[in-house]
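Below: the structure, in structure tokens.
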Amino acid sequence: MAVTGRQLTGSFGAASGRLTGLTVDGKAVPLAAEGGGFFAYDATAKKDISFSDGSATQSDGKTVFTCEKSGDLALVAEFAHKGPYVLVTGRLENRRADERGIILNYRLPMGGPDAVFCNQLNGSVKIGQSEYEGNVFPIAAVVAGGVGLAMAIPPSEPRIFGMAADPKGLITRFYLGLSPATSRFPNCASFVFVIYTVDPAWGFRSALSQYYAFFPEYYELPKRGHGLYLFPSEDRGESGHPVHHCGTSCVETQAEWLDEYLARDQANGIVSHAYMIVGQREIKYLPELPADYDAAMKAYAKWSLKDHAGHPPVKESEAAGGDVNLRIEVDSSTLVTRDRQYSITRRFTGWGDNSVTFRTNPNPDLFRDTHNQSVGRNALTLIATWLQRHPRLGGIAVDSLGANWPAALNYRKDHFGYARYPLTCDPDGRVALHNELSHYEWVDTLRAEMRAQGRTVLANGIYNYTARDNPAEHYRGRVQLGRFFLASLLDYAVSEPGIIANPLHCSFDFMRVAMGRKVYAPTNARWEDGPAVERWVNRCLCYGMFGTNVRTYSHEKGKIKYYYPAVYQRDQRLFDWFVPKVRLLSRAGWEPVTYARASGEKVLVERYGSGDKAYLAVMTESDSPQDCVLTVDLESLGFNPSDHPHRLRIDEMAQGTPLGLTTPGQVALRLEPHKTCIIAIQKA
């Protein structure tokens, strides 16, 4: 994906830093007559903040906007032209000594009666008189009057954000917390976003395509690992899937058969990743499950390492990992709630029986200056030992990045000073550190180390979900959130919902968008229903994902069901059909702009590859067959329509579905319910 050669130039005024003019390659882009620029809301004091009385200076192709608010608040923003986009970097400073939650907005003046807000892969919203906000993707566009404008937050600058639109335009929104305790940036919060134009015919997909091109180092297509995800069973039983179907694996370093698994993976081209979890530490094997918080803390006060003795895996310090240093790690790294309690979960698990689990902040910088131990730093030390001892390991698998351990606000003041990124605020305007950003800090550090060694990072839990509200983890309460920024750091991603993901359609959209062209292997533990598995596998094919059936999990060991070869026999023909095709699409690389439109009810279209070969995956979500006409823009795909049929081939290669090819770029076919067709377009 190459960055477009277009040159975008904007002019910005003293009134709120408003965009007053925009040209692309010297051609003016029409904007709304009024509105736009910075504005804010003080979430602590519950009042609006205007920046209309600022100033703007220009030099060296940059505009610097500043606004001082009576010694109370200061805003500085620089608008720099970077070829196809404008890069906006800035800082918001609290001039008082207290803590404040500030919701900072920047609006592009873009509206009109036909204005459409684009912030999802397969859908858009007509703006009308309402405001719409999304908190899943930090990329959004507004299309109006044949013009498309977009804003986005770079993958290197994670923030708690919102992308919104109202009748006045497109808004990038930052939910910021200002505190004197953030020693790296006391009482300040930085922000970064980009402004660019999009093809109005493709809206969000055009915005995505350019975003991946702006930041290619985060969206490189992996050369290896295109296959199902292989996770070993606790009793050493193999996965039901044959190894030739697999591309990545997760192994546990304390397992007696580790060397055997590493040899197996190496022989079959599977990328092995060692298991690590950094979002929690827990005391296990308690005589009874604590009834409440006080009982849990009493159990913790009496706990010592001997309470884990005789239970796996505590045979050696490497295997025990956090157990050996558990008390130190819990005391240094556990999150604190707004009620000044440790953030804990009381639960019974299949691996720890009665347990108290402590949510932890994995920032590797935590207490580095005091030489105190922390979960994040100890984990990195342990990983270095593993990789030295087992050089065949291809990387690290990080567990639980989803709606559990990172999905919490941390009010612990002695953690604020180590944050690399700004704080946020809760619905009452109280300042807090979001644990998702603390996980980003750890994964980003791990990624740099793995890159330097030619190794990779895989993680579980990359999906969208409904935010917690008791306690709240986002200012807006129970909104949809995702792990977009964490996904940008990964080479491979995994998640567990499978066929029970709800809503299934949005989940797949998120997984594909968050990972871009990278490898995603959603797993499915609810494999008992064969027809449901077949529908799910076809959907995975449409999205270019390596859907993998795995064991049925349960907190009770007796209820775990393994997807062993005997069960796999039911699905053997399905996966023998599926894996080569999804590998073909995955290696070709997902492209968000399809250059194809489909008629019919609930028809999905995704594109893979470009150049001499392109593939269009097409399926209907309808429960009834659909007669579909696929209209393909062959020229935009790089083909000459006049080459068909002699020098251009168009075939269906997944279902054996006959195609009607009446005119160049018009493909007629019948779609059976929940079955994916693949239209291959290639030069003969």
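Ordered as shown in the structure tokens, chains take letters A, B, and onward, while each chain numbers its residues from 1 and ligands are numbered from 1 in the order shown.
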Could you list, as a PyMOL selection string, every residue within 8 Å of stretch 486-495 of chain A, counting only C-alpha atoms and ignoring same-chain residues fewer than 3 positions away?
chain A and resi 155+218-219+222+229+439-440+443-444+447+456-463+483+498+514-515+518-523
At a cut-off of 12 Å, using only C-alpha atoms, what residues contact stretch 448-452 of chain A? Leave out same-chain residues fewer than 6 positions from it and give the result as a list of chain:residue names.
A:Glu217, A:Tyr218, A:His273, A:Leu380, A:Thr381, A:Ile383, A:Ala384, A:Leu387, A:Leu393, A:Gly394, A:Gly395, A:Ile396, A:Ala397, A:Glu441, A:Trp442, A:Leu458, A:Leu489, A:Leu490, A:Asp491
Taking 3 positions as the minimum chain separation for residues in the same chain, which residues sit within 7 Å of A:Met151 when counting only C-alpha atoms? Answer as a PyMOL selection string.
chain A and resi 139-141+172+193-196
Write down as a PDB file with N, CA and C atoms, in the first residue's frame the residues belonging to stretch 478-664 of chain A that are assigned strand (DSSP E) by DSSP computed on the backbone.
ATOM      1  N   GLN A 480     -19.954   1.015  22.874  1.00  0.00           N
ATOM      2  CA  GLN A 480     -19.125  -0.005  22.249  1.00  0.00           C
ATOM      3  C   GLN A 480     -17.672   0.467  22.213  1.00  0.00           C
ATOM      4  N   LEU A 481     -16.773  -0.397  22.668  1.00  0.00           N
ATOM      5  CA  LEU A 481     -15.339  -0.124  22.644  1.00  0.00           C
ATOM      6  C   LEU A 481     -14.632  -1.248  21.910  1.00  0.00           C
ATOM      7  N   TYR A 492      -0.113 -11.058  14.920  1.00  0.00           N
ATOM      8  CA  TYR A 492      -1.201 -12.038  14.848  1.00  0.00           C
ATOM      9  C   TYR A 492      -2.177 -11.767  15.997  1.00  0.00           C
ATOM     10  N   ALA A 493      -3.454 -12.024  15.755  1.00  0.00           N
ATOM     11  CA  ALA A 493      -4.464 -11.829  16.793  1.00  0.00           C
ATOM     12  C   ALA A 493      -5.400 -13.024  16.858  1.00  0.00           C
ATOM     13  N   VAL A 494      -5.939 -13.223  18.059  1.00  0.00           N
ATOM     14  CA  VAL A 494      -6.848 -14.332  18.349  1.00  0.00           C
ATOM     15  C   VAL A 494      -7.972 -13.779  19.227  1.00  0.00           C
ATOM     16  N   SER A 495      -9.139 -14.387  19.161  1.00  0.00           N
ATOM     17  CA  SER A 495     -10.212 -14.088  20.110  1.00  0.00           C
ATOM     18  C   SER A 495     -11.038 -15.347  20.318  1.00  0.00           C
ATOM     19  N   VAL A 519      -2.686 -11.206  10.186  1.00  0.00           N
ATOM     20  CA  VAL A 519      -3.344 -12.507  10.341  1.00  0.00           C
ATOM     21  C   VAL A 519      -4.220 -12.514  11.594  1.00  0.00           C
ATOM     22  N   TYR A 520      -5.471 -12.931  11.410  1.00  0.00           N
ATOM     23  CA  TYR A 520      -6.412 -13.058  12.526  1.00  0.00           C
ATOM     24  C   TYR A 520      -6.992 -14.475  12.535  1.00  0.00           C
ATOM     25  N   ALA A 521      -7.018 -15.090  13.722  1.00  0.00           N
ATOM     26  CA  ALA A 521      -7.558 -16.446  13.862  1.00  0.00           C
ATOM     27  C   ALA A 521      -8.588 -16.471  14.992  1.00  0.00           C
ATOM     28  N   PRO A 522      -9.854 -16.143  14.705  1.00  0.00           N
ATOM     29  CA  PRO A 522     -10.876 -16.272  15.741  1.00  0.00           C
ATOM     30  C   PRO A 522     -11.092 -17.738  16.091  1.00  0.00           C
ATOM     31  N   THR A 523     -11.262 -18.018  17.386  1.00  0.00           N
ATOM     32  CA  THR A 523     -11.467 -19.407  17.803  1.00  0.00           C
ATOM     33  C   THR A 523     -12.910 -19.630  18.217  1.00  0.00           C
ATOM     34  N   ASN A 524     -13.328 -20.882  18.131  1.00  0.00           N
ATOM     35  CA  ASN A 524     -14.721 -21.248  18.389  1.00  0.00           C
ATOM     36  C   ASN A 524     -14.768 -22.455  19.308  1.00  0.00           C
ATOM     37  N   THR A 548     -10.908 -21.182  13.837  1.00  0.00           N
ATOM     38  CA  THR A 548     -10.332 -22.401  14.407  1.00  0.00           C
ATOM     39  C   THR A 548     -11.233 -22.954  15.500  1.00  0.00           C
ATOM     40  N   ASN A 549     -11.682 -24.194  15.362  1.00  0.00           N
ATOM     41  CA  ASN A 549     -12.406 -24.845  16.455  1.00  0.00           C
ATOM     42  C   ASN A 549     -11.419 -25.279  17.538  1.00  0.00           C
ATOM     43  N   TRP A 590      -5.787  -8.270   2.548  1.00  0.00           N
ATOM     44  CA  TRP A 590      -7.081  -7.590   2.520  1.00  0.00           C
ATOM     45  C   TRP A 590      -6.924  -6.145   2.070  1.00  0.00           C
ATOM     46  N   GLU A 591      -7.841  -5.695   1.224  1.00  0.00           N
ATOM     47  CA  GLU A 591      -7.874  -4.307   0.764  1.00  0.00           C
ATOM     48  C   GLU A 591      -9.262  -3.748   1.076  1.00  0.00           C
ATOM     49  N   ALA A 596     -16.178  -2.813  -5.932  1.00  0.00           N
ATOM     50  CA  ALA A 596     -17.244  -3.699  -6.401  1.00  0.00           C
ATOM     51  C   ALA A 596     -18.493  -3.458  -5.556  1.00  0.00           C
ATOM     52  N   ARG A 597     -19.634  -3.470  -6.200  1.00  0.00           N
ATOM     53  CA  ARG A 597     -20.928  -3.319  -5.522  1.00  0.00           C
ATOM     54  C   ARG A 597     -21.780  -4.538  -5.858  1.00  0.00           C
ATOM     55  N   ALA A 598     -22.557  -4.985  -4.877  1.00  0.00           N
ATOM     56  CA  ALA A 598     -23.370  -6.190  -5.074  1.00  0.00           C
ATOM     57  C   ALA A 598     -24.836  -5.890  -4.833  1.00  0.00           C
ATOM     58  N   VAL A 603     -25.840  -8.746   1.387  1.00  0.00           N
ATOM     59  CA  VAL A 603     -24.680  -9.297   0.695  1.00  0.00           C
ATOM     60  C   VAL A 603     -23.413  -8.567   1.145  1.00  0.00           C
ATOM     61  N   LEU A 604     -22.415  -9.325   1.559  1.00  0.00           N
ATOM     62  CA  LEU A 604     -21.119  -8.792   1.955  1.00  0.00           C
ATOM     63  C   LEU A 604     -20.114  -9.008   0.833  1.00  0.00           C
ATOM     64  N   VAL A 605     -19.246  -8.013   0.625  1.00  0.00           N
ATOM     65  CA  VAL A 605     -18.180  -8.122  -0.368  1.00  0.00           C
ATOM     66  C   VAL A 605     -16.882  -7.632   0.258  1.00  0.00           C
ATOM     67  N   GLU A 606     -15.819  -8.429   0.157  1.00  0.00           N
ATOM     68  CA  GLU A 606     -14.488  -8.006   0.597  1.00  0.00           C
ATOM     69  C   GLU A 606     -13.490  -8.338  -0.501  1.00  0.00           C
ATOM     70  N   ARG A 607     -12.432  -7.511  -0.595  1.00  0.00           N
ATOM     71  CA  ARG A 607     -11.425  -7.696  -1.647  1.00  0.00           C
ATOM     72  C   ARG A 607     -10.074  -8.075  -1.058  1.00  0.00           C
ATOM     73  N   TYR A 608      -9.358  -8.901  -1.792  1.00  0.00           N
ATOM     74  CA  TYR A 608      -8.011  -9.325  -1.418  1.00  0.00           C
ATOM     75  C   TYR A 608      -7.121  -9.230  -2.647  1.00  0.00           C
ATOM     76  N   LYS A 613      -3.679 -10.033  -9.979  1.00  0.00           N
ATOM     77  CA  LYS A 613      -4.724 -10.896  -9.433  1.00  0.00           C
ATOM     78  C   LYS A 613      -5.466 -10.169  -8.325  1.00  0.00           C
ATOM     79  N   ALA A 614      -6.765 -10.308  -8.336  1.00  0.00           N
ATOM     80  CA  ALA A 614      -7.591  -9.780  -7.260  1.00  0.00           C
ATOM     81  C   ALA A 614      -8.704 -10.777  -6.986  1.00  0.00           C
ATOM     82  N   TYR A 615      -9.102 -10.855  -5.724  1.00  0.00           N
ATOM     83  CA  TYR A 615     -10.138 -11.799  -5.312  1.00  0.00           C
ATOM     84  C   TYR A 615     -11.242 -11.041  -4.588  1.00  0.00           C
ATOM     85  N   LEU A 616     -12.481 -11.325  -4.956  1.00  0.00           N
ATOM     86  CA  LEU A 616     -13.643 -10.754  -4.291  1.00  0.00           C
ATOM     87  C   LEU A 616     -14.379 -11.874  -3.566  1.00  0.00           C
ATOM     88  N   ALA A 617     -14.433 -11.791  -2.243  1.00  0.00           N
ATOM     89  CA  ALA A 617     -15.189 -12.755  -1.438  1.00  0.00           C
ATOM     90  C   ALA A 617     -16.598 -12.208  -1.265  1.00  0.00           C
ATOM     91  N   VAL A 618     -17.592 -13.014  -1.608  1.00  0.00           N
ATOM     92  CA  VAL A 618     -18.980 -12.562  -1.617  1.00  0.00           C
ATOM     93  C   VAL A 618     -19.834 -13.582  -0.874  1.00  0.00           C
ATOM     94  N   MET A 619     -20.660 -13.111   0.054  1.00  0.00           N
ATOM     95  CA  MET A 619     -21.600 -14.016   0.730  1.00  0.00           C
ATOM     96  C   MET A 619     -22.839 -13.235   1.126  1.00  0.00           C
ATOM     97  N   THR A 620     -23.942 -13.945   1.291  1.00  0.00           N
ATOM     98  CA  THR A 620     -25.164 -13.332   1.781  1.00  0.00           C
ATOM     99  C   THR A 620     -25.443 -13.817   3.198  1.00  0.00           C
ATOM    100  N   GLN A 626     -29.906 -15.734  -2.935  1.00  0.00           N
ATOM    101  CA  GLN A 626     -29.967 -14.403  -3.522  1.00  0.00           C
ATOM    102  C   GLN A 626     -29.382 -14.420  -4.927  1.00  0.00           C
ATOM    103  N   ASP A 627     -30.140 -13.896  -5.884  1.00  0.00           N
ATOM    104  CA  ASP A 627     -29.598 -13.668  -7.222  1.00  0.00           C
ATOM    105  C   ASP A 627     -28.864 -12.336  -7.182  1.00  0.00           C
ATOM    106  N   CYS A 628     -27.573 -12.394  -7.373  1.00  0.00           N
ATOM    107  CA  CYS A 628     -26.708 -11.236  -7.145  1.00  0.00           C
ATOM    108  C   CYS A 628     -26.044 -10.802  -8.447  1.00  0.00           C
ATOM    109  N   VAL A 629     -25.969  -9.497  -8.637  1.00  0.00           N
ATOM    110  CA  VAL A 629     -25.173  -8.931  -9.723  1.00  0.00           C
ATOM    111  C   VAL A 629     -24.046  -8.129  -9.080  1.00  0.00           C
ATOM    112  N   LEU A 630     -22.835  -8.534  -9.400  1.00  0.00           N
ATOM    113  CA  LEU A 630     -21.651  -7.876  -8.872  1.00  0.00           C
ATOM    114  C   LEU A 630     -21.124  -6.930  -9.946  1.00  0.00           C
ATOM    115  N   THR A 631     -21.145  -5.638  -9.637  1.00  0.00           N
ATOM    116  CA  THR A 631     -20.643  -4.632 -10.573  1.00  0.00           C
ATOM    117  C   THR A 631     -19.237  -4.244 -10.146  1.00  0.00           C
ATOM    118  N   VAL A 632     -18.255  -4.574 -10.983  1.00  0.00           N
ATOM    119  CA  VAL A 632     -16.845  -4.430 -10.630  1.00  0.00           C
ATOM    120  C   VAL A 632     -16.215  -3.321 -11.460  1.00  0.00           C
ATOM    121  N   LEU A 648      -8.367 -11.639 -19.993  1.00  0.00           N
ATOM    122  CA  LEU A 648      -8.782 -11.416 -18.607  1.00  0.00           C
ATOM    123  C   LEU A 648      -9.738 -12.524 -18.193  1.00  0.00           C
ATOM    124  N   ARG A 649      -9.392 -13.229 -17.124  1.00  0.00           N
ATOM    125  CA  ARG A 649     -10.216 -14.339 -16.642  1.00  0.00           C
ATOM    126  C   ARG A 649     -10.971 -13.937 -15.385  1.00  0.00           C
ATOM    127  N   ILE A 650     -12.235 -14.313 -15.314  1.00  0.00           N
ATOM    128  CA  ILE A 650     -13.060 -14.100 -14.129  1.00  0.00           C
ATOM    129  C   ILE A 650     -13.736 -15.427 -13.812  1.00  0.00           C
ATOM    130  N   ASP A 651     -13.388 -16.020 -12.667  1.00  0.00           N
ATOM    131  CA  ASP A 651     -13.891 -17.343 -12.297  1.00  0.00           C
ATOM    132  C   ASP A 651     -14.350 -17.342 -10.844  1.00  0.00           C
ATOM    133  N   GLU A 652     -15.255 -18.267 -10.531  1.00  0.00           N
ATOM    134  CA  GLU A 652     -15.629 -18.519  -9.133  1.00  0.00           C
ATOM    135  C   GLU A 652     -14.885 -19.762  -8.684  1.00  0.00           C
TER     136      GLU A 652
END
Using only C-alpha atoms: which of A:Ala152, A:Pro364, A:Ala165, A:Ala189 has the shortest distance to A:Ala74
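Smallest distance to A:Ala74 is found for A:Ala189.
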Residue neighbourhood A:Val136, 10 Å, only C-alpha atoms, exclusion window fewer than 5 positions, as a list in words:
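So the residues in contact are Asn119, Gln120, Phe161, Gly162, Met163, Tyr463, Asn464, Tyr465, Val479, Gln480, Leu481, Gly482, Arg483, Phe484, Phe485, Phe510 and Ala514 of chain A.
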Those same residues - N, CA and C atoms - I'd like them written as a CSV table (one decimal), in the first residue's frame.
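Result written to again_34.csv:
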chain,number,residue,atom,x,y,z
A,119,ASN,N,-18.2,5.7,10.0
A,119,ASN,CA,-17.3,5.2,11.0
A,119,ASN,C,-17.4,3.7,11.3
A,120,GLN,N,-17.8,3.0,10.2
A,120,GLN,CA,-17.9,1.5,10.3
A,120,GLN,C,-17.7,0.9,8.9
A,161,PHE,N,-10.9,8.0,23.2
A,161,PHE,CA,-11.3,8.9,22.1
A,161,PHE,C,-12.8,8.7,21.7
A,162,GLY,N,-13.3,9.6,20.9
A,162,GLY,CA,-14.5,9.5,20.3
A,162,GLY,C,-14.4,10.1,18.9
A,163,MET,N,-15.0,9.5,17.9
A,163,MET,CA,-15.1,10.1,16.5
A,163,MET,C,-16.6,10.4,16.3
A,463,TYR,N,-11.1,-7.7,20.1
A,463,TYR,CA,-12.5,-7.7,19.7
A,463,TYR,C,-13.2,-6.4,20.2
A,464,ASN,N,-14.4,-6.2,19.7
A,464,ASN,CA,-15.2,-5.1,20.2
A,464,ASN,C,-16.2,-5.6,21.3
A,465,TYR,N,-16.6,-4.7,22.2
A,465,TYR,CA,-17.5,-5.2,23.3
A,465,TYR,C,-18.2,-4.0,23.9
A,479,VAL,N,-21.0,2.2,26.2
A,479,VAL,CA,-20.8,2.3,24.7
A,479,VAL,C,-20.0,1.1,24.2
A,480,GLN,N,-20.0,1.0,22.9
A,480,GLN,CA,-19.1,0.0,22.2
A,480,GLN,C,-17.7,0.5,22.2
A,481,LEU,N,-16.8,-0.4,22.7
A,481,LEU,CA,-15.3,-0.1,22.6
A,481,LEU,C,-14.6,-1.2,21.9
A,482,GLY,N,-13.4,-1.1,21.6
A,482,GLY,CA,-12.6,-2.1,21.0
A,482,GLY,C,-11.1,-2.0,21.4
A,483,ARG,N,-10.3,-2.8,20.7
A,483,ARG,CA,-8.9,-2.8,21.1
A,483,ARG,C,-8.0,-2.4,19.8
A,484,PHE,N,-8.5,-1.4,19.1
A,484,PHE,CA,-7.8,-1.0,17.9
A,484,PHE,C,-6.4,-0.7,18.1
A,485,PHE,N,-6.0,0.1,19.1
A,485,PHE,CA,-4.6,0.6,19.2
A,485,PHE,C,-3.7,-0.6,19.6
A,510,PHE,N,-14.9,-5.4,13.1
A,510,PHE,CA,-13.9,-4.9,14.0
A,510,PHE,C,-12.6,-5.7,13.8
A,514,ALA,N,-9.3,-3.7,12.6
A,514,ALA,CA,-8.3,-3.5,13.6
A,514,ALA,C,-6.9,-4.1,13.2
Among the residues A:Pro290, A:Pro580, A:Pro109, A:Gly83, the one that comes closest to A:Met653 [using only C-alpha atoms]:
A:Pro580
Between A:Pro422, A:Ala274, A:Ala407, A:Gln373, smallest distance to A:Arg91 by only C-alpha atoms belongs to A:Pro422
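Straight-line separation from atom CA of A:Ala97 to atom CA of A:Tyr175: 19.5 Å.
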